Amino acid sequence: MKHSKETNAGQVGPDKHLQTSLNAIERKAKYKKNHKFENLYGLLNRWNLGQSWYYLNKKAARGIDKISAEEFGKNLNHEVNKMEQELINNAYHANLVRRTYIDKLSGGKRPLGIPTVRDKLLQTTCSKILEAIYEAKFLSTRYGYRKGKGAKDAVKHLSYKLNYGKYGYIVEADIKGYFQNINHEILIKMLEHNIKDKRFVALINKWLKAGIMTEENVIEKPDKGTPQGGVISPILANIYLHYVLDLWFEKVVKKCAKGESMMIAYADDFVCAFRYREDAESFMNALEKRFRQFGLELAKEKTNLIKFSKFSKERNGSFDFLGFTYRWVISRKGKDIIAHTTSKKKFNISVYNIKLWIKEKRHIRIRKLIDLLNVKLKGYYNYYGITGNFKMLHKMHLIVKRLLYKWMNRRSQRRSFNWKEYKGKLKRCYPIQKPYIESLNEQMVIMIMI
């Protein structure tokens, strides 16, 4: 194995930085659509692994080996040299992935896979390479896990298309356990369509096949799926849906539809719009068959056909997408506009999470508590603070003040203050971040989940 990097001219050299190689790959992917990439495995050297270290989340949970990022980082040079030698000698083995579960508000649990730090480091380098290859291939309507294309951008794009397009029906769909049901063999064939480097593809296959250690200390050998939480899982998930859904919709569905049609997708969450009901119904029937061919299944209870038209007298049609409820309303000026309000489900989740957070942090000093709380609220308002949603922001603000009052008074057996004293103290000494609205046209600020 050579310590090499592919350049635009096809030459390689160890003195190049990782970003230089990624830029060259991006250019080749953009201007040579049918190019099949080789020599990618050679990019997995100690220099590039060392640079990938800066992309890792150092606060993430520990993997099966119980080594933290901080501990791994103290011996980084030794670790990347060791990993490079393993790759050269084809001696690298993927570690078991530790599975844990996170609670869902609905009462269920979502599985989360946690690789070791060394596997995360190598996966990070590989994911950067895959992103460089596929960014030029992904359609502009796909959001999520992409550079400069966040959730609020998808909200803005969908709103624009619905406002100015001729659409009357919405199909909102949900994929049942998407990350757990990706077909390994099909995914590998998709990768081989653009990548000719067998060792690089085989490395990805090792992670797909890596054993999973359950909370009961039982080892499972997966025959499908990619662990949600793995560093490389998001880009692999996007690649799979690119071929299964995006290209199919663009090249088949749109051409067969009698009227206008469009789709906006964020990761495995997507919404489709059609001008005619007949097209929407045909799509729903075809979608179920299409997914079945690739080992996926629609969650029928979450898949709906909704009449959604500004030309209709029926104003009851609404749907949810990325935490917002969309509905047609009449503005004060008498114009038909789309109103976005925080969906009830997401609102309740946020309230539940902030309640647990305040309860857990109530014993720290008030000044620090309010500062941390305001950071969370700013993130919340940055995301949900769009025109027409101020009422829901104000509602959240009031709930947070009441929750804080409740738990501040439970810091000790004695009651700390009454409501009047509490409000005065907040106003004079510890002001809580007030809600604000940002235009959809302004640059998205990363949301801090609460």
# chains A, B, ... in the order shown; residues from 1 in each chain; ligands from 1
call {"tool": "residues_around", "arguments": {"residues": "Phe270 in chain A", "least_positions_apart": "6", "cutoff": "9 Å", "atoms": "only C-alpha atoms", "output": "count of residues only"}}
result
8
call {"tool": "residues_around", "arguments": {"residues": "range 79-83 of chain A", "least_positions_apart": "5", "cutoff": "8 Å", "atoms": "only C-alpha atoms", "output": "list in words"}}
result
Asn45, Arg46, Leu49, Gly50, Phe72, Tyr92 and Arg118 of chain A
call {"tool": "closest_residue", "arguments": {"among": "A:Glu288, A:Glu26, A:Glu86, A:Asp268", "to": "His242 in chain A", "atoms": "only C-alpha atoms"}}
result
A:Asp268
call {"tool": "closest_residue", "arguments": {"among": "A:Asp279, A:Glu71, A:Asp223, A:Glu216", "to": "Glu185 in chain A", "atoms": "only C-alpha atoms"}}
result
A:Asp223
call {"tool": "residues_around", "arguments": {"residues": "range 421-437 of chain A", "least_positions_apart": "3", "cutoff": "12 Å", "atoms": "only C-alpha atoms", "output": "mmCIF file with C-alpha atoms, in the first residue's frame"}}
result
data_model
loop_
_atom_site.group_PDB
_atom_site.id
_atom_site.type_symbol
_atom_site.label_atom_id
_atom_site.label_comp_id
_atom_site.auth_asym_id
_atom_site.auth_seq_id
_atom_site.Cartn_x
_atom_site.Cartn_y
_atom_site.Cartn_z
ATOM 1 C CA ARG A 365 -25.573 28.170 40.874
ATOM 2 C CA ILE A 366 -28.446 30.187 39.430
ATOM 3 C CA ARG A 367 -26.201 32.403 37.317
ATOM 4 C CA LYS A 368 -24.559 29.450 35.589
ATOM 5 C CA LEU A 369 -27.882 27.625 35.258
ATOM 6 C CA ILE A 370 -29.510 30.591 33.503
ATOM 7 C CA ASP A 371 -26.514 31.025 31.194
ATOM 8 C CA LEU A 372 -26.680 27.366 30.129
ATOM 9 C CA LEU A 373 -30.450 27.557 29.783
ATOM 10 C CA ASN A 374 -30.192 30.634 27.539
ATOM 11 C CA VAL A 375 -27.798 28.823 25.208
ATOM 12 C CA LYS A 376 -30.395 26.099 24.778
ATOM 13 C CA LEU A 377 -33.197 28.581 24.238
ATOM 14 C CA LYS A 378 -31.193 30.490 21.621
ATOM 15 C CA GLY A 379 -30.693 27.271 19.712
ATOM 16 C CA TYR A 380 -34.397 26.486 19.955
ATOM 17 C CA TYR A 381 -35.435 29.960 18.779
ATOM 18 C CA ASN A 382 -32.863 29.932 15.987
ATOM 19 C CA TYR A 383 -34.510 26.842 14.544
ATOM 20 C CA TYR A 384 -38.202 27.380 15.266
ATOM 21 C CA GLY A 385 -38.095 31.187 15.071
ATOM 22 C CA ILE A 386 -39.670 31.691 11.666
ATOM 23 C CA THR A 387 -42.449 34.008 10.555
ATOM 24 C CA GLY A 388 -45.855 32.934 11.885
ATOM 25 C CA ASN A 389 -44.505 30.799 14.722
ATOM 26 C CA PHE A 390 -44.031 33.423 17.439
ATOM 27 C CA LYS A 391 -47.063 32.209 19.384
ATOM 28 C CA MET A 392 -45.478 28.786 19.889
ATOM 29 C CA LEU A 393 -42.139 30.357 20.812
ATOM 30 C CA HIS A 394 -43.860 32.513 23.410
ATOM 31 C CA LYS A 395 -45.631 29.444 24.760
ATOM 32 C CA MET A 396 -42.289 27.680 25.173
ATOM 33 C CA HIS A 397 -40.878 30.760 26.920
ATOM 34 C CA LEU A 398 -43.720 30.748 29.480
ATOM 35 C CA ILE A 399 -43.426 27.011 30.103
ATOM 36 C CA VAL A 400 -39.677 27.289 30.671
ATOM 37 C CA LYS A 401 -40.189 30.088 33.210
ATOM 38 C CA ARG A 402 -42.755 27.998 35.082
ATOM 39 C CA LEU A 404 -37.625 26.875 36.334
ATOM 40 C CA TYR A 405 -39.774 28.381 39.103
ATOM 41 C CA LYS A 406 -40.994 24.930 40.107
ATOM 42 C CA TRP A 407 -37.566 23.358 40.360
ATOM 43 C CA MET A 408 -35.848 26.377 41.877
ATOM 44 C CA ASN A 409 -38.306 26.094 44.755
ATOM 45 C CA ARG A 415 -39.616 27.550 49.584
ATOM 46 C CA SER A 416 -37.100 29.921 47.967
ATOM 47 C CA PHE A 417 -39.471 32.643 46.734
ATOM 48 C CA ASN A 418 -42.998 33.311 45.506
ATOM 49 C CA LEU A 440 -36.279 31.923 6.470
ATOM 50 C CA ASN A 441 -33.907 33.721 4.111
ATOM 51 C CA GLU A 442 -31.294 34.258 6.781
#
call {"tool": "select_by_dssp", "arguments": {"residues": "range 333-430 of chain A", "states": "strand (DSSP E or B)", "output": "list in words"}}
result
Asp336, Ile337, Ile338, Ala339, His340, Thr341 and Thr342 of chain A
call {"tool": "write_last_selection", "arguments": {"atoms": "N, CA, C and O atoms", "output": "short mmCIF file (atom, residue, chain, number, x, y, z; two decimals), in the first residue's frame"}}
result
data_model
loop_
_atom_site.label_atom_id
_atom_site.label_comp_id
_atom_site.auth_asym_id
_atom_site.auth_seq_id
_atom_site.Cartn_x
_atom_site.Cartn_y
_atom_site.Cartn_z
N ASP A 336 -53.05 34.24 0.22
CA ASP A 336 -52.85 32.85 0.65
C ASP A 336 -51.36 32.63 0.94
O ASP A 336 -50.51 32.82 0.07
N ILE A 337 -51.06 32.19 2.15
CA ILE A 337 -49.68 31.93 2.54
C ILE A 337 -49.61 30.62 3.32
O ILE A 337 -50.62 30.15 3.86
N ILE A 338 -48.42 30.05 3.38
CA ILE A 338 -48.21 28.84 4.17
C ILE A 338 -47.73 29.24 5.56
O ILE A 338 -46.74 29.96 5.70
N ALA A 339 -48.46 28.78 6.57
CA ALA A 339 -48.07 29.05 7.96
C ALA A 339 -47.27 27.86 8.47
O ALA A 339 -47.61 26.70 8.22
N HIS A 340 -46.19 28.17 9.19
CA HIS A 340 -45.37 27.12 9.82
C HIS A 340 -45.48 27.29 11.32
O HIS A 340 -45.17 28.37 11.85
N THR A 341 -45.90 26.27 12.01
CA THR A 341 -45.92 26.29 13.47
C THR A 341 -45.23 25.04 13.98
O THR A 341 -45.20 24.01 13.29
N THR A 342 -44.64 25.13 15.15
CA THR A 342 -43.99 23.97 15.74
C THR A 342 -45.00 22.84 15.87
O THR A 342 -46.10 23.04 16.40
#
call {"tool": "atom_distance", "arguments": {"atom1": "CA of Phe274 in chain A", "atom2": "CA of Ala237 in chain A"}}
result
25.6 Å
call {"tool": "closest_residue", "arguments": {"among": "A:Phe311, A:Phe347, A:Phe319, A:Tyr134", "to": "Ile235 in chain A", "atoms": "only C-alpha atoms"}}
result
A:Tyr134
call {"tool": "select_by_dssp", "arguments": {"residues": "range 170-391 of chain A", "states": "alpha helix (DSSP H)", "output": "PyMOL selection string"}}
result
chain A and resi 184-192+198-209+233-241+247-248+254-256+277-293+344-361+366-384+390-391
call {"tool": "decode", "arguments": {"residues": "range 297-310 of chain A", "atoms": "C-alpha atoms", "output": "mmCIF file, in the first residue's frame"}}
result
data_model
loop_
_atom_site.group_PDB
_atom_site.id
_atom_site.type_symbol
_atom_site.label_atom_id
_atom_site.label_comp_id
_atom_site.auth_asym_id
_atom_site.auth_seq_id
_atom_site.Cartn_x
_atom_site.Cartn_y
_atom_site.Cartn_z
ATOM 1 C CA GLU A 297 -40.890 -0.946 4.235
ATOM 2 C CA LEU A 298 -43.254 1.992 4.527
ATOM 3 C CA ALA A 299 -44.687 2.735 7.963
ATOM 4 C CA LYS A 300 -48.285 2.743 6.757
ATOM 5 C CA GLU A 301 -49.647 4.424 9.877
ATOM 6 C CA LYS A 302 -47.352 7.402 9.183
ATOM 7 C CA THR A 303 -47.822 7.524 5.411
ATOM 8 C CA ASN A 304 -50.676 9.750 4.274
ATOM 9 C CA LEU A 305 -52.169 11.501 1.263
ATOM 10 C CA ILE A 306 -53.285 15.034 2.120
ATOM 11 C CA LYS A 307 -55.155 17.575 0.052
ATOM 12 C CA PHE A 308 -53.083 20.725 0.310
ATOM 13 C CA SER A 309 -53.988 23.515 -2.069
ATOM 14 C CA LYS A 310 -54.391 27.265 -1.808
#
